[in-house]
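The file model-v5.pdb contains PDB, C-alpha atoms, pLDDT in the B column:
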ATOM      1  CA  MET A  28       3.569  -1.188 -24.436  1.00 56.00           C
ATOM      2  CA  LEU A  29       1.343  -2.988 -21.967  1.00 75.00           C
ATOM      3  CA  HIS A  30      -2.078  -4.057 -23.137  1.00 90.00           C
ATOM      4  CA  TRP A  31      -4.620  -1.645 -21.601  1.00 95.00           C
ATOM      5  CA  ASN A  32      -6.824  -4.136 -19.768  1.00 94.00           C
ATOM      6  CA  ARG A  33      -4.756  -7.324 -19.548  1.00 95.00           C
ATOM      7  CA  ARG A  34      -4.172  -8.090 -15.878  1.00 95.00           C
ATOM      8  CA  VAL A  35      -0.543  -9.181 -15.712  1.00 94.00           C
ATOM      9  CA  ILE A  36       0.931  -6.714 -13.207  1.00 95.00           C
ATOM     10  CA  GLY A  37       1.670  -8.117  -9.761  1.00 95.00           C
ATOM     11  CA  ARG A  38       0.930  -6.367  -6.490  1.00 95.00           C
ATOM     12  CA  GLU A  39       4.519  -5.272  -5.790  1.00 95.00           C
ATOM     13  CA  ALA A  40       5.045  -3.880  -9.301  1.00 95.00           C
ATOM     14  CA  ALA A  41       1.677  -2.091  -9.099  1.00 96.00           C
ATOM     15  CA  ALA A  42       2.557  -0.440  -5.787  1.00 96.00           C
ATOM     16  CA  ALA A  43       5.981   0.609  -7.085  1.00 95.00           C
ATOM     17  CA  ALA A  44       4.554   2.067 -10.310  1.00 95.00           C
ATOM     18  CA  CYS A  45       1.955   4.005  -8.301  1.00 96.00           C
ATOM     19  CA  ARG A  46       4.585   5.121  -5.777  1.00 95.00           C
ATOM     20  CA  MET A  47       2.616   3.806  -2.835  1.00 96.00           C
ATOM     21  CA  PRO A  48       3.380   1.392  -0.013  1.00 97.00           C
ATOM     22  CA  LEU A  49       1.885  -2.084  -0.368  1.00 96.00           C
ATOM     23  CA  GLU A  50      -0.212  -1.447   2.729  1.00 97.00           C
ATOM     24  CA  THR A  51      -1.802   1.618   1.111  1.00 96.00           C
ATOM     25  CA  LEU A  52      -2.536  -0.350  -2.061  1.00 97.00           C
ATOM     26  CA  ASP A  53      -4.178  -3.043   0.069  1.00 96.00           C
ATOM     27  CA  VAL A  54      -6.394  -0.427   1.754  1.00 96.00           C
ATOM     28  CA  TRP A  55      -7.522   0.874  -1.643  1.00 96.00           C
ATOM     29  CA  LEU A  56      -8.249  -2.709  -2.734  1.00 95.00           C
ATOM     30  CA  HIS A  57     -10.218  -3.822   0.300  1.00 95.00           C
ATOM     31  CA  ARG A  58     -11.801  -0.677   1.658  1.00 95.00           C
ATOM     32  CA  TYR A  59     -12.492   1.212  -1.580  1.00 95.00           C
ATOM     33  CA  LYS A  60     -12.771  -1.700  -4.045  1.00 94.00           C
ATOM     34  CA  ALA A  61     -10.036  -0.500  -6.414  1.00 95.00           C
ATOM     35  CA  PRO A  62     -10.118  -2.545  -9.633  1.00 95.00           C
ATOM     36  CA  SER A  63      -8.008  -5.705  -9.871  1.00 96.00           C
ATOM     37  CA  ALA A  64      -8.412  -9.450 -10.178  1.00 95.00           C
ATOM     38  CA  LYS A  65      -7.316 -12.451  -8.164  1.00 93.00           C
ATOM     39  CA  LEU A  66      -5.830 -15.421  -9.997  1.00 91.00           C
ATOM     40  CA  SER A  67      -4.436 -18.433  -8.170  1.00 91.00           C
ATOM     41  CA  GLY A  68      -4.284 -16.425  -4.961  1.00 90.00           C
ATOM     42  CA  GLN A  69      -2.273 -13.624  -6.566  1.00 93.00           C
ATOM     43  CA  ARG A  70      -3.650 -10.078  -6.992  1.00 95.00           C
ATOM     44  CA  LEU A  71      -3.167  -8.808 -10.562  1.00 96.00           C
ATOM     45  CA  PHE A  72      -3.663  -5.422 -12.175  1.00 97.00           C
ATOM     46  CA  SER A  73      -3.866  -3.971 -15.659  1.00 96.00           C
ATOM     47  CA  LEU A  74      -2.576  -0.622 -16.862  1.00 96.00           C
ATOM     48  CA  GLN A  75      -6.239   0.442 -16.898  1.00 97.00           C
ATOM     49  CA  ASP A  76      -6.665  -0.558 -13.225  1.00 98.00           C
ATOM     50  CA  LEU A  77      -3.597   1.411 -12.167  1.00 97.00           C
ATOM     51  CA  THR A  78      -4.637   4.461 -14.182  1.00 97.00           C
ATOM     52  CA  ILE A  79      -8.067   4.388 -12.498  1.00 98.00           C
ATOM     53  CA  LEU A  80      -6.367   4.114  -9.105  1.00 97.00           C
ATOM     54  CA  GLN A  81      -4.025   7.036  -9.770  1.00 97.00           C
ATOM     55  CA  VAL A  82      -6.815   9.220 -11.140  1.00 96.00           C
ATOM     56  CA  ALA A  83      -9.000   8.401  -8.131  1.00 96.00           C
ATOM     57  CA  ARG A  84      -6.175   9.378  -5.785  1.00 95.00           C
ATOM     58  CA  ARG A  85      -5.901  12.747  -7.531  1.00 95.00           C
ATOM     59  CA  LEU A  86      -9.667  13.300  -7.311  1.00 93.00           C
ATOM     60  CA  LEU A  87      -9.705  13.025  -3.520  1.00 92.00           C
ATOM     61  CA  SER A  88     -11.030  16.157  -1.852  1.00 85.00           C
ATOM     62  CA  PRO A  89     -13.385  17.038   0.988  1.00 77.00           C
ATOM     63  CA  GLY A  90     -16.305  16.558  -1.411  1.00 80.00           C
ATOM     64  CA  ILE A  91     -15.032  13.437  -3.199  1.00 87.00           C
ATOM     65  CA  LEU A  92     -14.300  10.334  -1.148  1.00 92.00           C
ATOM     66  CA  ALA A  93     -12.122   7.449  -2.380  1.00 94.00           C
ATOM     67  CA  ALA A  94     -14.972   5.104  -3.373  1.00 93.00           C
ATOM     68  CA  THR A  95     -16.715   7.939  -5.231  1.00 94.00           C
ATOM     69  CA  ALA A  96     -13.472   8.884  -6.982  1.00 95.00           C
ATOM     70  CA  ILE A  97     -13.135   5.307  -8.264  1.00 96.00           C
ATOM     71  CA  GLU A  98     -16.766   5.388  -9.448  1.00 95.00           C
ATOM     72  CA  ILE A  99     -16.062   8.627 -11.345  1.00 94.00           C
ATOM     73  CA  ALA A 100     -12.865   7.401 -13.014  1.00 95.00           C
ATOM     74  CA  THR A 101     -13.851   3.835 -13.929  1.00 96.00           C
ATOM     75  CA  PRO A 102     -16.431   4.380 -16.707  1.00 96.00           C
ATOM     76  CA  LEU A 103     -14.381   7.184 -18.259  1.00 96.00           C
ATOM     77  CA  LEU A 104     -11.330   4.963 -18.679  1.00 97.00           C
ATOM     78  CA  ASP A 105     -12.815   2.027 -20.599  1.00 95.00           C
ATOM     79  CA  ASP A 106     -10.447   2.847 -23.450  1.00 95.00           C
ATOM     80  CA  PRO A 107      -6.853   4.027 -23.199  1.00 95.00           C
ATOM     81  CA  PRO A 108      -6.717   7.826 -23.141  1.00 95.00           C
ATOM     82  CA  GLY A 109      -4.678   9.768 -25.674  1.00 94.00           C
ATOM     83  CA  TYR A 110      -1.534  11.394 -24.315  1.00 93.00           C
ATOM     84  CA  ASP A 111      -3.205  14.837 -24.172  1.00 94.00           C
ATOM     85  CA  ALA A 112      -6.463  13.581 -22.633  1.00 96.00           C
ATOM     86  CA  THR A 113      -7.664  15.351 -19.505  1.00 95.00           C
ATOM     87  CA  LEU A 114     -10.381  14.274 -17.096  1.00 95.00           C
ATOM     88  CA  PHE A 115     -12.549  17.204 -16.035  1.00 94.00           C
ATOM     89  CA  ALA A 116     -14.641  16.719 -12.883  1.00 91.00           C
ATOM     90  CA  THR A 117     -17.326  19.338 -12.277  1.00 88.00           C
ATOM     91  CA  ASP A 118     -20.284  19.649  -9.933  1.00 86.00           C
ATOM     92  CA  ASP A 119     -22.426  18.261 -12.772  1.00 87.00           C
ATOM     93  CA  GLY A 120     -20.326  15.199 -13.598  1.00 90.00           C
ATOM     94  CA  ALA A 121     -17.073  14.246 -15.275  1.00 93.00           C
ATOM     95  CA  PHE A 122     -15.801  13.814 -18.814  1.00 94.00           C
ATOM     96  CA  ILE A 123     -12.567  13.304 -20.723  1.00 95.00           C
ATOM     97  CA  GLY A 124     -11.580  16.015 -23.138  1.00 93.00           C
ATOM     98  CA  GLY A 125      -8.612  17.665 -24.727  1.00 87.00           C
ATOM     99  CA  PRO A 126      -6.543  20.662 -23.710  1.00 77.00           C
ATOM    100  CA  ASP A 127      -9.143  23.115 -25.102  1.00 84.00           C
ATOM    101  CA  ASP A 128     -12.262  21.590 -23.515  1.00 86.00           C
ATOM    102  CA  PHE A 129     -12.384  23.567 -20.268  1.00 82.00           C
ATOM    103  CA  PRO A 130     -15.815  23.574 -18.609  1.00 87.00           C
ATOM    104  CA  GLU A 131     -17.450  26.903 -17.823  1.00 85.00           C
ATOM    105  CA  ASN A 132     -18.079  26.114 -14.137  1.00 84.00           C
ATOM    106  CA  ASN A 133     -15.720  25.015 -11.329  1.00 86.00           C
ATOM    107  CA  PHE A 134     -13.712  21.924 -12.183  1.00 87.00           C
ATOM    108  CA  ALA A 135     -10.779  19.721 -11.302  1.00 87.00           C
ATOM    109  CA  ALA A 136      -8.538  18.734 -14.200  1.00 91.00           C
ATOM    110  CA  ILE A 137      -6.430  15.575 -14.207  1.00 94.00           C
ATOM    111  CA  ARG A 138      -4.126  14.684 -17.089  1.00 95.00           C
ATOM    112  CA  VAL A 139      -5.212  11.067 -17.496  1.00 96.00           C
ATOM    113  CA  GLY A 140      -3.241  10.551 -20.698  1.00 96.00           C
ATOM    114  CA  TRP A 141      -0.024  11.544 -19.004  1.00 96.00           C
ATOM    115  CA  ILE A 142      -0.812   9.318 -15.995  1.00 97.00           C
ATOM    116  CA  ALA A 143      -1.349   6.259 -18.224  1.00 96.00           C
ATOM    117  CA  HIS A 144       1.806   7.031 -20.210  1.00 96.00           C
ATOM    118  CA  ASP A 145       3.883   7.536 -17.045  1.00 95.00           C
ATOM    119  CA  LEU A 146       2.643   4.277 -15.508  1.00 96.00           C
ATOM    120  CA  SER A 147       3.354   2.396 -18.733  1.00 94.00           C
ATOM    121  CA  LYS A 148       6.934   3.700 -18.876  1.00 93.00           C
ATOM    122  CA  LYS A 149       7.565   2.829 -15.212  1.00 92.00           C
ATOM    123  CA  LEU A 150       6.253  -0.698 -15.712  1.00 93.00           C
ATOM    124  CA  GLU A 151       8.271  -1.198 -18.894  1.00 91.00           C
ATOM    125  CA  ALA A 152      11.401   0.046 -17.098  1.00 89.00           C
ATOM    126  CA  ALA A 153      10.711  -2.459 -14.317  1.00 84.00           C
ATOM    127  CA  ASP A 154      10.444  -5.136 -17.037  1.00 77.00           C
ATOM    128  CA  VAL A 155       6.843  -6.074 -16.237  1.00 69.00           C
ATOM    129  CA  ALA A 156       5.505  -8.631 -18.726  1.00 57.00           C
ATOM    130  CA  VAL A 157       3.877  -7.132 -21.802  1.00 45.00           C
TER     131      VAL A 157
END
Mind converting the file's structure to structure tokens?
Amino acid sequence: MLHWNRRVIGREAAAAACRMPLETLDVWLHRYKAPSAKLSGQRLFSLQDLTILQVARRLLSPGILAATAIEIATPLLDDPPGYDATLFATDDGAFIGGPDDFPENNFAAIRVGWIAHDLSKKLEAADVAV
């Protein structure tokens, strides 16, 4: 399995794993400051970076813009989520919980554990360096 925060995933592999065109990935990088690093002129990502990106994309709504979605997801994904982990976004904030941790007010639920697992499997299948 890929190390959670080691940036070894190239731009093309990142876009393929996220099922997005390179141009869209570039927009998220430059306009919305999606997490990544630049090393020797090459843009690199970690599994953590791609999970944050995918979660942010799922958080988009009329009330949550892309930059805000990244700000919501980033601090909650410092550590790799368990497979059953779910991110709950409410009017009062966001948190990661399990399948039984439903908030009492309106919320959006995103299965962050599944997203990280799915990305990891796609990258391993594409033979991205571990």
Check which residues satisfy the PyMOL selection byres ((chain A and resi 133) around 10) in the file shown, then give them as a list in words. Phe115, Ala116, Thr117, Asp118, Asp119, Phe129, Pro130, Glu131, Asn132, Phe134, Ala135 and Ala136 of chain A
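Considering the residues A:Ala100, A:Met47, A:Leu71, A:Ala153 and counting only C-alpha atoms, Leu114 (chain A) has its shortest atom-to-atom contact with A:Ala100.
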List, as a PyMOL selection string, every residue that the PyMOL selection byres ((chain A and resi 63) around 12) selects in the file provided. chain A and resi 32-38+41+52-53+55-57+59-62+64-66+69-80+101
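Of the listed residues A:Ile137, A:Trp31, A:Lys148, A:Cys45, the one whose atoms come nearest to Gln81 (chain A) is A:Cys45, with distances taken using all atoms listed in the file.
Taking CA of Leu29 (chain A) as the reference point, CA of Pro107 (chain A) is found at 10.9 Å.
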Assuming the chain letters and numbering stay as they are in my file, what does the PyMOL selection byres ((chain A and resi 112) around 8) actually select? List them as a PyMOL selection string. chain A and resi 108-111+113-114+123-126+138-141
CA of Val82 (chain A) sits from CA of Thr51 (chain A) at a separation of 15.3 Å
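Pairwise distance (CA of Arg46 (chain A), CA of Phe122 (chain A)) equals 25.7 Å.
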Around the point (-13.8, 10.4, -9.5) (coordinates from the file), which residues reach within 8 Å if we count only C-alpha atoms? Answer as an MDAnalysis selection string. chainID A and resid 82:83 86:87 91 93 95:101 116 121
